[in-house]
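**Student:** Sharing my_file_15.cif, mmCIF, N, CA and C atoms:
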data_upload
#
loop_
_atom_site.label_atom_id
_atom_site.label_comp_id
_atom_site.auth_asym_id
_atom_site.auth_seq_id
_atom_site.Cartn_x
_atom_site.Cartn_y
_atom_site.Cartn_z
N MET M 1 -1.44 -66.63 169.55
CA MET M 1 -1.93 -67.98 169.33
C MET M 1 -3.05 -68.24 170.31
N SER M 2 -4.13 -68.77 169.84
CA SER M 2 -5.27 -69.07 170.67
C SER M 2 -5.60 -70.54 170.52
N VAL M 3 -5.94 -71.19 171.62
CA VAL M 3 -6.26 -72.61 171.60
C VAL M 3 -7.73 -72.78 171.93
N GLU M 4 -8.39 -73.66 171.18
CA GLU M 4 -9.80 -73.93 171.43
C GLU M 4 -9.96 -75.36 171.89
N PHE M 5 -10.73 -75.51 172.97
CA PHE M 5 -11.09 -76.84 173.46
C PHE M 5 -12.59 -76.94 173.45
N PHE M 6 -13.12 -77.91 172.76
CA PHE M 6 -14.55 -78.17 172.68
C PHE M 6 -15.34 -76.91 172.31
N GLY M 7 -14.81 -76.13 171.40
CA GLY M 7 -15.50 -74.96 170.91
C GLY M 7 -15.36 -73.73 171.80
N VAL M 8 -14.63 -73.85 172.91
CA VAL M 8 -14.45 -72.71 173.80
C VAL M 8 -13.06 -72.16 173.57
N GLY M 9 -12.98 -70.90 173.25
CA GLY M 9 -11.69 -70.29 172.98
C GLY M 9 -10.96 -69.93 174.26
N GLY M 10 -9.68 -70.08 174.23
CA GLY M 10 -8.86 -69.72 175.37
C GLY M 10 -8.40 -68.28 175.27
N PRO M 11 -7.61 -67.85 176.22
CA PRO M 11 -7.14 -66.46 176.16
C PRO M 11 -6.19 -66.27 174.97
N GLY M 12 -6.17 -65.07 174.48
CA GLY M 12 -5.27 -64.76 173.38
C GLY M 12 -3.83 -64.72 173.87
N GLN M 13 -2.98 -64.29 173.01
CA GLN M 13 -1.57 -64.22 173.37
C GLN M 13 -1.37 -63.18 174.46
N ILE M 14 -0.66 -63.57 175.48
CA ILE M 14 -0.40 -62.67 176.58
C ILE M 14 0.96 -62.05 176.35
N GLY M 15 1.00 -60.74 176.36
CA GLY M 15 2.26 -60.06 176.10
C GLY M 15 2.58 -60.11 174.62
N SER M 16 3.67 -59.55 174.26
CA SER M 16 4.08 -59.59 172.87
C SER M 16 5.58 -59.71 172.80
N LEU M 17 6.02 -60.22 171.71
CA LEU M 17 7.44 -60.36 171.49
C LEU M 17 7.93 -59.14 170.74
N LYS M 18 8.92 -58.53 171.28
CA LYS M 18 9.48 -57.35 170.62
C LYS M 18 10.94 -57.61 170.33
N LYS M 19 11.30 -57.35 169.12
CA LYS M 19 12.70 -57.48 168.74
C LYS M 19 13.32 -56.10 168.80
N LEU M 20 14.42 -56.02 169.50
CA LEU M 20 15.12 -54.75 169.59
C LEU M 20 16.07 -54.62 168.41
N PRO M 21 16.13 -53.45 167.84
CA PRO M 21 17.04 -53.27 166.71
C PRO M 21 18.49 -53.36 167.19
N LYS M 22 19.33 -53.92 166.35
CA LYS M 22 20.75 -54.01 166.68
C LYS M 22 21.36 -52.62 166.61
N THR M 23 22.16 -52.33 167.59
CA THR M 23 22.79 -51.01 167.61
C THR M 23 24.15 -51.09 166.94
N GLN M 24 24.54 -50.00 166.41
CA GLN M 24 25.83 -49.93 165.75
C GLN M 24 26.95 -49.70 166.75
N GLY M 25 26.64 -49.39 167.98
CA GLY M 25 27.64 -49.06 168.98
C GLY M 25 28.16 -50.26 169.74
N ASP M 26 28.38 -51.36 169.08
CA ASP M 26 28.91 -52.56 169.73
C ASP M 26 30.43 -52.53 169.79
N LYS M 27 30.99 -51.37 169.92
CA LYS M 27 32.44 -51.25 169.99
C LYS M 27 32.89 -51.54 171.41
N LYS M 28 34.05 -52.12 171.54
CA LYS M 28 34.59 -52.41 172.87
C LYS M 28 34.98 -51.11 173.54
N THR M 29 34.62 -51.04 174.78
CA THR M 29 34.98 -49.84 175.54
C THR M 29 36.22 -50.15 176.36
N GLU M 30 36.82 -49.11 176.85
CA GLU M 30 38.04 -49.26 177.64
C GLU M 30 37.72 -50.01 178.92
N GLY M 31 38.52 -51.03 179.25
CA GLY M 31 38.31 -51.81 180.46
C GLY M 31 37.26 -52.89 180.29
N ALA M 32 36.84 -53.17 179.08
CA ALA M 32 35.81 -54.17 178.86
C ALA M 32 36.31 -55.57 179.15
N GLY M 33 37.61 -55.79 179.16
CA GLY M 33 38.15 -57.11 179.43
C GLY M 33 38.07 -57.48 180.90
N GLU M 34 37.76 -56.53 181.75
CA GLU M 34 37.67 -56.78 183.18
C GLU M 34 36.22 -56.95 183.59
N ASP M 35 35.85 -58.17 183.91
CA ASP M 35 34.50 -58.43 184.40
C ASP M 35 34.52 -58.41 185.92
N LYS M 36 33.55 -57.78 186.50
CA LYS M 36 33.46 -57.72 187.94
C LYS M 36 32.09 -58.22 188.36
N VAL M 37 32.08 -58.99 189.43
CA VAL M 37 30.84 -59.52 189.97
C VAL M 37 30.73 -59.07 191.41
N GLN M 38 29.60 -58.55 191.77
CA GLN M 38 29.36 -58.15 193.15
C GLN M 38 28.13 -58.89 193.64
N PHE M 39 28.28 -59.60 194.75
CA PHE M 39 27.17 -60.34 195.31
C PHE M 39 26.52 -59.52 196.42
N SER M 40 25.28 -59.77 196.66
CA SER M 40 24.59 -59.04 197.71
C SER M 40 25.13 -59.46 199.07
N SER M 41 24.90 -58.63 200.05
CA SER M 41 25.39 -58.93 201.40
C SER M 41 24.71 -60.17 201.96
N VAL M 42 23.47 -60.43 201.56
CA VAL M 42 22.75 -61.61 202.03
C VAL M 42 23.46 -62.88 201.54
N LEU M 43 23.84 -62.89 200.28
CA LEU M 43 24.53 -64.04 199.73
C LEU M 43 25.88 -64.24 200.39
N GLN M 44 26.56 -63.14 200.69
CA GLN M 44 27.85 -63.24 201.37
C GLN M 44 27.65 -63.80 202.78
N ASP M 45 26.59 -63.40 203.47
CA ASP M 45 26.30 -63.94 204.79
C ASP M 45 25.99 -65.43 204.73
N VAL M 46 25.27 -65.84 203.70
CA VAL M 46 24.95 -67.25 203.53
C VAL M 46 26.22 -68.06 203.31
N ASN M 47 27.13 -67.54 202.50
CA ASN M 47 28.38 -68.24 202.25
C ASN M 47 29.22 -68.34 203.51
N ARG M 48 29.23 -67.28 204.33
CA ARG M 48 29.98 -67.33 205.60
C ARG M 48 29.36 -68.36 206.54
N ALA M 49 28.05 -68.40 206.61
CA ALA M 49 27.36 -69.36 207.49
C ALA M 49 27.62 -70.79 207.02
N LYS M 50 27.62 -70.98 205.71
CA LYS M 50 27.88 -72.32 205.16
C LYS M 50 29.29 -72.77 205.51
N ALA M 51 30.26 -71.87 205.42
CA ALA M 51 31.64 -72.21 205.77
C ALA M 51 31.76 -72.54 207.25
N ALA M 52 31.03 -71.81 208.09
CA ALA M 52 31.08 -72.06 209.54
C ALA M 52 30.47 -73.41 209.87
N THR M 53 29.38 -73.77 209.22
CA THR M 53 28.75 -75.06 209.51
C THR M 53 29.59 -76.21 208.97
N SER M 54 30.31 -76.00 207.88
CA SER M 54 31.14 -77.09 207.36
C SER M 54 32.27 -77.40 208.34
N SER M 55 32.82 -76.36 209.00
CA SER M 55 33.85 -76.63 210.01
C SER M 55 33.22 -77.27 211.23
N GLY M 56 31.99 -76.86 211.57
CA GLY M 56 31.27 -77.48 212.68
C GLY M 56 30.93 -78.92 212.38
N ASP M 57 30.61 -79.21 211.11
CA ASP M 57 30.31 -80.58 210.72
C ASP M 57 31.53 -81.47 210.89
N ALA M 58 32.71 -80.94 210.59
CA ALA M 58 33.93 -81.74 210.75
C ALA M 58 34.16 -82.07 212.22
N GLU M 59 33.92 -81.09 213.10
CA GLU M 59 34.07 -81.33 214.54
C GLU M 59 33.05 -82.35 215.02
N ARG M 60 31.83 -82.23 214.54
CA ARG M 60 30.77 -83.16 214.94
C ARG M 60 31.09 -84.57 214.46
N THR M 61 31.56 -84.70 213.25
CA THR M 61 31.93 -86.00 212.71
C THR M 61 33.03 -86.65 213.55
N ALA M 62 34.02 -85.86 213.94
CA ALA M 62 35.11 -86.39 214.77
C ALA M 62 34.57 -86.84 216.12
N ARG M 63 33.65 -86.06 216.71
CA ARG M 63 33.07 -86.42 218.01
C ARG M 63 32.25 -87.70 217.90
N VAL M 64 31.48 -87.84 216.83
CA VAL M 64 30.67 -89.05 216.64
C VAL M 64 31.56 -90.27 216.50
N LYS M 65 32.64 -90.14 215.73
CA LYS M 65 33.57 -91.28 215.57
C LYS M 65 34.21 -91.65 216.91
N GLU M 66 34.53 -90.64 217.71
CA GLU M 66 35.12 -90.90 219.03
C GLU M 66 34.13 -91.65 219.92
N LEU M 67 32.87 -91.23 219.91
CA LEU M 67 31.85 -91.90 220.71
C LEU M 67 31.59 -93.32 220.21
N GLN M 68 31.59 -93.50 218.90
CA GLN M 68 31.40 -94.84 218.35
C GLN M 68 32.51 -95.79 218.79
N ALA M 69 33.74 -95.28 218.80
CA ALA M 69 34.87 -96.09 219.24
C ALA M 69 34.73 -96.45 220.72
N GLN M 70 34.28 -95.49 221.55
CA GLN M 70 34.09 -95.77 222.97
C GLN M 70 33.00 -96.81 223.19
N ILE M 71 31.92 -96.73 222.43
CA ILE M 71 30.83 -97.70 222.56
C ILE M 71 31.32 -99.08 222.14
N LYS M 72 32.08 -99.14 221.06
CA LYS M 72 32.59 -100.41 220.56
C LYS M 72 33.52 -101.06 221.58
N GLU M 73 34.34 -100.26 222.26
CA GLU M 73 35.28 -100.76 223.26
C GLU M 73 34.57 -101.10 224.58
N GLY M 74 33.38 -100.52 224.78
CA GLY M 74 32.67 -100.72 226.04
C GLY M 74 33.08 -99.75 227.12
N SER M 75 33.77 -98.70 226.76
CA SER M 75 34.24 -97.72 227.75
C SER M 75 33.39 -96.46 227.78
N TYR M 76 32.28 -96.43 227.07
CA TYR M 76 31.44 -95.23 227.03
C TYR M 76 30.67 -95.12 228.33
N GLN M 77 30.79 -93.99 229.00
CA GLN M 77 30.09 -93.73 230.26
C GLN M 77 29.29 -92.44 230.11
N PRO M 78 28.00 -92.53 229.78
CA PRO M 78 27.20 -91.31 229.64
C PRO M 78 26.95 -90.67 231.00
N ASP M 79 26.74 -89.36 231.01
CA ASP M 79 26.40 -88.63 232.22
C ASP M 79 24.92 -88.88 232.50
N LEU M 80 24.63 -89.68 233.50
CA LEU M 80 23.25 -90.07 233.77
C LEU M 80 22.40 -88.90 234.22
N GLN M 81 22.97 -87.92 234.87
CA GLN M 81 22.21 -86.72 235.27
C GLN M 81 21.70 -85.97 234.04
N LYS M 82 22.57 -85.81 233.03
CA LYS M 82 22.18 -85.11 231.81
C LYS M 82 21.13 -85.90 231.04
N VAL M 83 21.31 -87.21 231.00
CA VAL M 83 20.37 -88.06 230.27
C VAL M 83 18.99 -88.00 230.92
N SER M 84 18.94 -88.13 232.25
CA SER M 84 17.65 -88.11 232.94
C SER M 84 16.98 -86.74 232.85
N ALA M 85 17.75 -85.66 232.96
CA ALA M 85 17.18 -84.32 232.85
C ALA M 85 16.61 -84.09 231.46
N SER M 86 17.32 -84.54 230.45
CA SER M 86 16.85 -84.39 229.08
C SER M 86 15.61 -85.23 228.83
N LEU M 87 15.57 -86.44 229.37
CA LEU M 87 14.42 -87.32 229.20
C LEU M 87 13.19 -86.73 229.88
N LEU M 88 13.35 -86.22 231.10
CA LEU M 88 12.21 -85.61 231.81
C LEU M 88 11.70 -84.39 231.07
N GLN M 89 12.59 -83.56 230.58
CA GLN M 89 12.19 -82.37 229.83
C GLN M 89 11.41 -82.77 228.59
N PHE M 90 11.87 -83.80 227.89
CA PHE M 90 11.18 -84.28 226.70
C PHE M 90 9.79 -84.79 227.04
N LEU M 91 9.67 -85.55 228.12
CA LEU M 91 8.38 -86.11 228.50
C LEU M 91 7.40 -85.02 228.93
N VAL M 92 7.86 -84.03 229.65
CA VAL M 92 6.99 -82.96 230.13
C VAL M 92 6.52 -82.08 228.98
N GLU M 93 7.41 -81.73 228.06
CA GLU M 93 7.06 -80.82 226.97
C GLU M 93 6.17 -81.45 225.92
N ASN M 94 6.24 -82.74 225.75
CA ASN M 94 5.48 -83.41 224.67
C ASN M 94 4.14 -83.99 225.13
N ARG M 95 3.67 -83.60 226.31
CA ARG M 95 2.36 -84.11 226.77
C ARG M 95 1.25 -83.25 226.32
#
Translate the structure described by the file into structure tokens.

**Tutor:**
Amino acid sequence: MSVEFFGVGGPGQIGSLKKLPKTQGDKKTEGAGEDKVQFSSVLQDVNRAKAATSSGDAERTARVKELQAQIKEGSYQPDLQKVSASLLQFLVENR
């Protein structure tokens, strides 16, 4: 199929469609009822990392709720040394 715009022809059909003939050997083979799926090692690593972060997310959520409760009660006491060191590092690196 070719398309023309304002008298200028476009590229012709790229590639071709080929129909494969149906084979007569569509008989079930032994063990055909057992499907097996094997994932690449990269995908398995991704799934392991995702599981690890989901458990880390649960711990983080619990810690955030604990800190929110402390702030609400007025009993939250941040470590001022850590806060000041982090603030100075941020100011020095972002100049």

**Student:** Could you tell me how far atom C of Ala62 of chain M lies from atom N of Gln77 of chain M, in Å and to one decimal?

**Tutor:**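 Calculated distance between atom C of Ala62 of chain M and atom N of Gln77 of chain M is 15.2 Å.
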
**Student:** I'd like the interatomic distance between atom CA of Pro78 of chain M and atom CA of Arg60 of chain M, to a tenth of an Å.

**Tutor:** 17.2 Å

**Student:** Atom N of Val64 of chain M and atom CA of Gln44 of chain M, how far apart in Å?

**Tutor:**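 Between these atoms lies a distance of 29.3 Å.
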